[in-house]
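Pasting run_18.pdb here (PDB, C-alpha atoms, pLDDT in the B column):
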ATOM      1  CA  MET A 337       8.089 -23.630  35.600  1.00 54.00           C
ATOM      2  CA  VAL A 338       8.726 -19.902  36.059  1.00 56.00           C
ATOM      3  CA  TYR A 339      10.867 -17.869  33.676  1.00 54.00           C
ATOM      4  CA  ILE A 340      12.505 -14.707  34.822  1.00 58.00           C
ATOM      5  CA  VAL A 341      12.717 -12.189  32.007  1.00 51.00           C
ATOM      6  CA  ASP A 342      15.075  -9.274  32.202  1.00 53.00           C
ATOM      7  CA  SER A 343      13.201  -6.017  31.460  1.00 53.00           C
ATOM      8  CA  LYS A 344      16.346  -4.581  29.838  1.00 57.00           C
ATOM      9  CA  TYR A 345      16.244  -7.451  27.315  1.00 52.00           C
ATOM     10  CA  ILE A 346      12.598  -6.734  26.455  1.00 51.00           C
ATOM     11  CA  ASN A 347      13.235  -2.988  26.045  1.00 55.00           C
ATOM     12  CA  ASP A 348      16.276  -3.631  23.841  1.00 59.00           C
ATOM     13  CA  LYS A 349      14.372  -6.148  21.693  1.00 56.00           C
ATOM     14  CA  PHE A 350      11.337  -3.876  21.158  1.00 55.00           C
ATOM     15  CA  GLY A 351      13.543  -0.804  20.763  1.00 62.00           C
ATOM     16  CA  MET A 352      15.503  -2.568  18.038  1.00 66.00           C
ATOM     17  CA  MET A 353      12.284  -3.574  16.258  1.00 67.00           C
ATOM     18  CA  LYS A 354      11.093   0.061  16.286  1.00 76.00           C
ATOM     19  CA  LYS A 355      14.432   1.235  14.904  1.00 76.00           C
ATOM     20  CA  LYS A 356      14.257  -1.315  12.068  1.00 80.00           C
ATOM     21  CA  LYS A 357      10.715  -0.214  11.175  1.00 82.00           C
ATOM     22  CA  LEU A 358      11.772   3.423  11.256  1.00 80.00           C
ATOM     23  CA  ILE A 359      14.718   2.686   8.979  1.00 83.00           C
ATOM     24  CA  LYS A 360      12.406   0.862   6.534  1.00 84.00           C
ATOM     25  CA  VAL A 361       9.977   3.804   6.507  1.00 84.00           C
ATOM     26  CA  ILE A 362      12.796   6.305   5.931  1.00 83.00           C
ATOM     27  CA  CYS A 363      14.267   4.192   3.113  1.00 78.00           C
ATOM     28  CA  SER A 364      10.808   3.922   1.512  1.00 83.00           C
ATOM     29  CA  ILE A 365      10.310   7.691   1.653  1.00 80.00           C
ATOM     30  CA  ILE A 366      13.751   8.324   0.141  1.00 74.00           C
ATOM     31  CA  GLY A 367      12.979   5.818  -2.624  1.00 72.00           C
ATOM     32  CA  VAL A 368       9.683   7.516  -3.474  1.00 72.00           C
ATOM     33  CA  ILE A 369      11.401  10.923  -3.552  1.00 66.00           C
ATOM     34  CA  LEU A 370      14.151   9.623  -5.832  1.00 61.00           C
ATOM     35  CA  ILE A 371      11.618   8.111  -8.228  1.00 62.00           C
ATOM     36  CA  TRP A 372       9.341  11.192  -8.144  1.00 59.00           C
ATOM     37  CA  ASN A 373      12.268  13.487  -8.969  1.00 59.00           C
ATOM     38  CA  HIS A 374      13.051  11.578 -12.157  1.00 63.00           C
ATOM     39  CA  LEU A 375       9.656  10.940 -13.735  1.00 71.00           C
ATOM     40  CA  PRO A 376       8.959  12.011 -17.315  1.00 79.00           C
ATOM     41  CA  TYR A 377       6.104  14.408 -18.024  1.00 83.00           C
ATOM     42  CA  TYR A 378       4.326  15.717 -21.120  1.00 87.00           C
ATOM     43  CA  TYR A 379       4.280  19.521 -21.380  1.00 91.00           C
ATOM     44  CA  ASN A 380       2.000  21.731 -23.486  1.00 94.00           C
ATOM     45  CA  ASN A 381       2.789  25.477 -23.757  1.00 95.00           C
ATOM     46  CA  GLU A 382      -0.666  26.286 -25.154  1.00 96.00           C
ATOM     47  CA  LYS A 383      -2.471  24.800 -22.156  1.00 95.00           C
ATOM     48  CA  THR A 384      -0.144  26.628 -19.762  1.00 96.00           C
ATOM     49  CA  ALA A 385      -0.628  30.016 -21.423  1.00 96.00           C
ATOM     50  CA  ASP A 386      -4.390  29.584 -21.811  1.00 96.00           C
ATOM     51  CA  TYR A 387      -4.877  28.539 -18.191  1.00 96.00           C
ATOM     52  CA  ALA A 388      -2.772  31.475 -16.981  1.00 96.00           C
ATOM     53  CA  THR A 389      -4.777  33.911 -19.125  1.00 96.00           C
ATOM     54  CA  ASN A 390      -8.174  32.570 -18.058  1.00 96.00           C
ATOM     55  CA  ASN A 391      -7.385  32.529 -14.335  1.00 94.00           C
ATOM     56  CA  VAL A 392      -5.791  35.900 -13.601  1.00 91.00           C
ATOM     57  CA  ALA A 393      -6.969  38.444 -11.046  1.00 88.00           C
ATOM     58  CA  SER A 394      -7.874  42.008 -12.025  1.00 85.00           C
ATOM     59  CA  LYS A 395      -4.746  43.333 -10.276  1.00 89.00           C
ATOM     60  CA  SER A 396      -1.629  41.937  -8.622  1.00 89.00           C
ATOM     61  CA  ARG A 397      -2.178  39.811  -5.525  1.00 88.00           C
ATOM     62  CA  THR A 398       1.584  39.330  -4.996  1.00 87.00           C
ATOM     63  CA  MET A 399       1.101  35.619  -5.721  1.00 92.00           C
ATOM     64  CA  CYS A 400       2.722  35.384  -9.160  1.00 94.00           C
ATOM     65  CA  ALA A 401       4.497  32.074  -8.471  1.00 93.00           C
ATOM     66  CA  GLY A 402       1.307  30.380  -7.276  1.00 91.00           C
ATOM     67  CA  TYR A 403      -0.632  31.440 -10.376  1.00 94.00           C
ATOM     68  CA  VAL A 404       2.102  30.608 -12.896  1.00 95.00           C
ATOM     69  CA  ILE A 405       2.966  27.270 -11.288  1.00 92.00           C
ATOM     70  CA  LYS A 406      -0.711  26.288 -11.262  1.00 93.00           C
ATOM     71  CA  ALA A 407      -0.830  27.126 -14.979  1.00 95.00           C
ATOM     72  CA  MET A 408       2.300  25.037 -15.574  1.00 94.00           C
ATOM     73  CA  TRP A 409       0.664  22.123 -13.759  1.00 91.00           C
ATOM     74  CA  HIS A 410      -2.303  22.427 -16.137  1.00 92.00           C
ATOM     75  CA  GLY A 411       0.201  22.379 -18.985  1.00 93.00           C
ATOM     76  CA  GLY A 412       1.598  19.109 -17.630  1.00 89.00           C
ATOM     77  CA  CYS A 413       4.709  20.274 -15.724  1.00 88.00           C
ATOM     78  CA  PRO A 414       4.731  18.873 -12.159  1.00 83.00           C
ATOM     79  CA  ILE A 415       6.752  21.700 -10.635  1.00 84.00           C
ATOM     80  CA  GLY A 416       6.800  22.738  -6.987  1.00 81.00           C
ATOM     81  CA  LEU A 417       6.131  26.112  -5.399  1.00 83.00           C
ATOM     82  CA  VAL A 418       9.166  28.156  -4.288  1.00 87.00           C
ATOM     83  CA  PRO A 419       9.899  31.899  -4.340  1.00 91.00           C
ATOM     84  CA  ALA A 420       9.665  33.267  -7.883  1.00 94.00           C
ATOM     85  CA  TYR A 421      13.354  34.175  -8.176  1.00 94.00           C
ATOM     86  CA  ALA A 422      14.373  30.539  -7.536  1.00 91.00           C
ATOM     87  CA  TYR A 423      12.833  29.225 -10.765  1.00 94.00           C
ATOM     88  CA  ASN A 424      15.950  30.288 -12.675  1.00 94.00           C
ATOM     89  CA  LYS A 425      17.557  27.175 -11.114  1.00 90.00           C
ATOM     90  CA  ILE A 426      14.544  24.860 -11.167  1.00 89.00           C
ATOM     91  CA  LEU A 427      13.219  25.391 -14.711  1.00 93.00           C
ATOM     92  CA  PRO A 428      16.408  24.064 -16.392  1.00 91.00           C
ATOM     93  CA  GLN A 429      16.124  20.970 -14.196  1.00 86.00           C
ATOM     94  CA  MET A 430      12.597  20.510 -15.534  1.00 87.00           C
ATOM     95  CA  GLY A 431      13.733  20.549 -19.178  1.00 88.00           C
ATOM     96  CA  PHE A 432      13.299  24.272 -19.886  1.00 93.00           C
ATOM     97  CA  GLU A 433      16.008  26.001 -21.877  1.00 95.00           C
ATOM     98  CA  GLU A 434      17.230  29.511 -21.087  1.00 96.00           C
ATOM     99  CA  ILE A 435      16.721  31.742 -24.124  1.00 97.00           C
ATOM    100  CA  SER A 436      19.273  34.377 -25.131  1.00 96.00           C
ATOM    101  CA  LEU A 437      17.934  37.913 -24.800  1.00 95.00           C
ATOM    102  CA  ASN A 438      19.741  39.053 -27.961  1.00 94.00           C
ATOM    103  CA  GLU A 439      17.000  39.677 -30.537  1.00 91.00           C
ATOM    104  CA  TYR A 440      14.516  37.863 -28.288  1.00 94.00           C
ATOM    105  CA  LYS A 441      11.018  37.367 -29.717  1.00 96.00           C
ATOM    106  CA  PRO A 442       8.481  36.061 -27.185  1.00 96.00           C
ATOM    107  CA  MET A 443       6.628  32.841 -27.938  1.00 96.00           C
ATOM    108  CA  LYS A 444       3.455  31.554 -26.330  1.00 97.00           C
ATOM    109  CA  GLY A 445       4.379  29.669 -23.182  1.00 96.00           C
ATOM    110  CA  ASP A 446       7.690  31.454 -22.488  1.00 97.00           C
ATOM    111  CA  ILE A 447       8.388  31.894 -18.779  1.00 98.00           C
ATOM    112  CA  SER A 448      10.113  35.020 -17.447  1.00 97.00           C
ATOM    113  CA  VAL A 449      11.956  34.963 -14.128  1.00 98.00           C
ATOM    114  CA  VAL A 450      12.890  38.290 -12.533  1.00 97.00           C
ATOM    115  CA  PRO A 451      15.344  38.393  -9.599  1.00 95.00           C
ATOM    116  CA  SER A 452      14.404  39.771  -6.202  1.00 92.00           C
ATOM    117  CA  ASN A 453      15.138  43.358  -5.203  1.00 91.00           C
ATOM    118  CA  SER A 454      14.716  45.526  -2.099  1.00 88.00           C
ATOM    119  CA  VAL A 455      11.030  46.172  -2.857  1.00 91.00           C
ATOM    120  CA  HIS A 456      10.118  42.655  -4.042  1.00 91.00           C
ATOM    121  CA  PRO A 457      12.093  40.054  -2.001  1.00 91.00           C
ATOM    122  CA  TYR A 458      10.583  37.061  -3.848  1.00 92.00           C
ATOM    123  CA  GLY A 459      11.218  38.262  -7.388  1.00 94.00           C
ATOM    124  CA  HIS A 460       8.650  37.698 -10.126  1.00 96.00           C
ATOM    125  CA  ILE A 461       7.606  35.015 -12.593  1.00 97.00           C
ATOM    126  CA  ALA A 462       5.211  35.293 -15.540  1.00 97.00           C
ATOM    127  CA  VAL A 463       4.126  33.393 -18.655  1.00 97.00           C
ATOM    128  CA  TYR A 464       3.671  34.854 -22.142  1.00 97.00           C
ATOM    129  CA  ASN A 465       0.207  34.087 -23.565  1.00 96.00           C
ATOM    130  CA  GLY A 466       0.920  35.102 -27.166  1.00 96.00           C
ATOM    131  CA  LYS A 467      -0.179  38.717 -26.633  1.00 96.00           C
ATOM    132  CA  GLN A 468       1.089  39.790 -23.207  1.00 96.00           C
ATOM    133  CA  TRP A 469       2.796  38.606 -20.041  1.00 97.00           C
ATOM    134  CA  VAL A 470       0.506  37.248 -17.323  1.00 97.00           C
ATOM    135  CA  SER A 471       1.184  36.138 -13.775  1.00 96.00           C
ATOM    136  CA  ASP A 472      -1.432  36.693 -11.089  1.00 94.00           C
ATOM    137  CA  PHE A 473      -2.618  39.631 -13.256  1.00 95.00           C
ATOM    138  CA  LYS A 474      -2.342  40.794 -16.895  1.00 95.00           C
ATOM    139  CA  GLN A 475       0.857  42.792 -17.159  1.00 95.00           C
ATOM    140  CA  ASN A 476       1.506  45.808 -19.386  1.00 92.00           C
ATOM    141  CA  HIS A 477       5.211  44.970 -19.603  1.00 93.00           C
ATOM    142  CA  LEU A 478       7.508  42.028 -18.955  1.00 94.00           C
ATOM    143  CA  LEU A 479       8.906  43.946 -15.950  1.00 95.00           C
ATOM    144  CA  PRO A 480       5.694  44.886 -14.107  1.00 92.00           C
ATOM    145  CA  SER A 481       6.985  47.472 -11.598  1.00 91.00           C
ATOM    146  CA  LYS A 482       9.348  50.434 -11.387  1.00 92.00           C
ATOM    147  CA  ALA A 483      11.670  48.486  -9.089  1.00 91.00           C
ATOM    148  CA  TYR A 484      12.031  45.672 -11.645  1.00 93.00           C
ATOM    149  CA  LYS A 485      12.479  48.141 -14.522  1.00 92.00           C
ATOM    150  CA  ALA A 486      15.199  49.992 -12.577  1.00 92.00           C
ATOM    151  CA  ASN A 487      17.181  46.757 -12.252  1.00 89.00           C
ATOM    152  CA  GLY A 488      16.302  45.592 -15.770  1.00 91.00           C
ATOM    153  CA  LYS A 489      17.454  42.012 -15.172  1.00 94.00           C
ATOM    154  CA  TYR A 490      15.402  38.973 -16.144  1.00 96.00           C
ATOM    155  CA  GLN A 491      15.733  35.541 -17.728  1.00 97.00           C
ATOM    156  CA  ILE A 492      13.487  33.803 -20.244  1.00 98.00           C
ATOM    157  CA  PHE A 493      12.911  30.050 -20.267  1.00 97.00           C
ATOM    158  CA  ARG A 494      11.212  27.956 -22.920  1.00 96.00           C
ATOM    159  CA  ALA A 495      10.206  24.312 -23.177  1.00 93.00           C
ATOM    160  CA  THR A 496       9.125  22.554 -26.322  1.00 90.00           C
ATOM    161  CA  ASP A 497       5.797  20.758 -26.347  1.00 88.00           C
ATOM    162  CA  GLY A 498       6.330  17.097 -25.640  1.00 86.00           C
ATOM    163  CA  TRP A 499       7.992  14.737 -23.201  1.00 84.00           C
ATOM    164  CA  HIS A 500      10.570  15.957 -20.692  1.00 80.00           C
ATOM    165  CA  TRP A 501      12.501  14.421 -17.837  1.00 73.00           C
ATOM    166  CA  LYS A 502      12.576  16.231 -14.558  1.00 69.00           C
ATOM    167  CA  HIS A 503      15.729  16.224 -12.462  1.00 63.00           C
ATOM    168  CA  VAL A 504      14.901  18.492  -9.568  1.00 58.00           C
ATOM    169  CA  TRP A 505      17.508  18.723  -6.882  1.00 55.00           C
ATOM    170  CA  THR A 506      17.579  21.630  -4.513  1.00 52.00           C
ATOM    171  CA  THR A 507      20.294  22.019  -1.929  1.00 50.00           C
ATOM    172  CA  PRO A 508      20.263  23.273   1.653  1.00 49.00           C
ATOM    173  CA  VAL A 509      21.985  26.409   0.297  1.00 50.00           C
ATOM    174  CA  ASP A 510      18.846  27.086  -1.790  1.00 54.00           C
ATOM    175  CA  TRP A 511      16.616  26.419   1.210  1.00 56.00           C
ATOM    176  CA  PHE A 512      18.623  28.867   3.312  1.00 56.00           C
ATOM    177  CA  GLY A 513      18.219  31.566   0.653  1.00 61.00           C
ATOM    178  CA  TRP A 514      14.456  30.986   0.447  1.00 59.00           C
ATOM    179  CA  ILE A 515      14.051  31.031   4.239  1.00 64.00           C
ATOM    180  CA  GLU A 516      16.216  34.144   4.476  1.00 65.00           C
ATOM    181  CA  SER A 517      14.027  35.984   1.940  1.00 64.00           C
ATOM    182  CA  VAL A 518      10.879  35.067   3.904  1.00 65.00           C
ATOM    183  CA  ILE A 519      12.452  36.352   7.130  1.00 68.00           C
ATOM    184  CA  LYS A 520      13.516  39.619   5.461  1.00 65.00           C
ATOM    185  CA  TRP A 521      10.012  40.077   4.061  1.00 62.00           C
ATOM    186  CA  GLY A 522       8.468  39.385   7.483  1.00 62.00           C
ATOM    187  CA  LYS A 523      10.717  41.918   9.220  1.00 62.00           C
ATOM    188  CA  LYS A 524       9.813  44.508   6.606  1.00 59.00           C
ATOM    189  CA  LYS A 525       6.080  44.026   7.255  1.00 54.00           C
ATOM    190  CA  ILE A 526       6.406  44.372  11.054  1.00 54.00           C
TER     191      ILE A 526
END
Encoded form using structure tokens:
Amino acid sequence: MVYIVDSKYINDKFGMMKKKKLIKVICSIIGVILIWNHLPYYYNNEKTADYATNNVASKSRTMCAGYVIKAMWHGGCPIGLVPAYAYNKILPQMGFEEISLNEYKPMKGDISVVPSNSVHPYGHIAVYNGKQWVSDFKQNHLLPSKAYKANGKYQIFRATDGWHWKHVWTTPVDWFGWIESVIKWGKKKI
């Protein structure tokens, strides 16, 4: 007996199977992301500050966020790498509290976030090690350049040692701002 099979039927059947697998994969990825963005973590300011201090360069390499975030990872905070100025939104989502600048006294492990300016499009981030501010280099001042000092704006964030919940949600608006700053920086270099 001979069966005649319509090729359109076969294509539709296999196409539908591929779509179902793709949907399962996408749902699995979304599930992992949702779980990852809400995991607790144990943070230690001492480990963060010590790692930052012991792993600085002799002078600025314009990689402050990479150095500070690596130190925060060693302190237990599973935070991602974005432009330095964006941490003023992300640190509170990671359990850090913004500290009032009125009568501010730095404590070991404090994180400073400085907004971007025309000279430094990515802003700046640093950690206080108990004696001085460090980022990718040992700083003489919380605001490490004339451009930052001219603006004078910064924020300080602090987390207590112990368990924290992370609730990191960035929006496409944030992504656009980050991409825009990279484009501006690239145009400036050309």
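Rounded to one decimal, CA of Arg397 (chain A) and CA of Pro457 (chain A) lie 14.7 Å from each other.
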Q: Choose the residue, out of A:Lys482, A:Lys355, A:His500, A:Lys360, that has the smallest atom-to-atom separation from Phe432 (chain A); count only C-alpha atoms.
A: A:His500
Q) Exactly which residues make up the result of the PyMOL selection byres ((chain A and resi 453) around 10) on this file, given as a count of residues only? A) 15
If the PyMOL selection byres ((chain A and resi 424) around 10) is run on the structure shown, which residues does it catch, given as a compact mmCIF listing (two decimals) with C-alpha atoms, in the coordinates of the input?
# COMPACT_ATOMS: atom_id res chain seq x y z
CA ALA A 420 9.66 33.27 -7.88
CA TYR A 421 13.35 34.17 -8.18
CA ALA A 422 14.37 30.54 -7.54
CA TYR A 423 12.83 29.22 -10.76
CA LYS A 425 17.56 27.18 -11.11
CA ILE A 426 14.54 24.86 -11.17
CA LEU A 427 13.22 25.39 -14.71
CA PRO A 428 16.41 24.06 -16.39
CA GLN A 429 16.12 20.97 -14.20
CA PHE A 432 13.30 24.27 -19.89
CA GLU A 434 17.23 29.51 -21.09
CA ILE A 447 8.39 31.89 -18.78
CA SER A 448 10.11 35.02 -17.45
CA VAL A 449 11.96 34.96 -14.13
CA VAL A 450 12.89 38.29 -12.53
CA PRO A 451 15.34 38.39 -9.60
CA ILE A 461 7.61 35.02 -12.59
CA TYR A 490 15.40 38.97 -16.14
CA GLN A 491 15.73 35.54 -17.73
CA ILE A 492 13.49 33.80 -20.24
CA PHE A 493 12.91 30.05 -20.27
Q. So what do you get for CA of Val463 (chain A) versus CA of Ala385 (chain A), distance-wise?
A. 6.5 Å
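Proximity to Ile415 (chain A) was assessed for A:Ile362, A:Ile435, A:Ser471, A:Ala401 counting all atoms listed in the file; the smallest distance is recorded for A:Ala401.
If you look at CA of Gly411 (chain A) and CA of Gly488 (chain A), they are 28.4 Å away from each other.
Restricting the calculation to all atoms listed in the file, the smallest distance between Leu375 (chain A) and any of A:Gly402, A:Gly431, A:Pro419, A:Tyr464 is found for A:Gly431.
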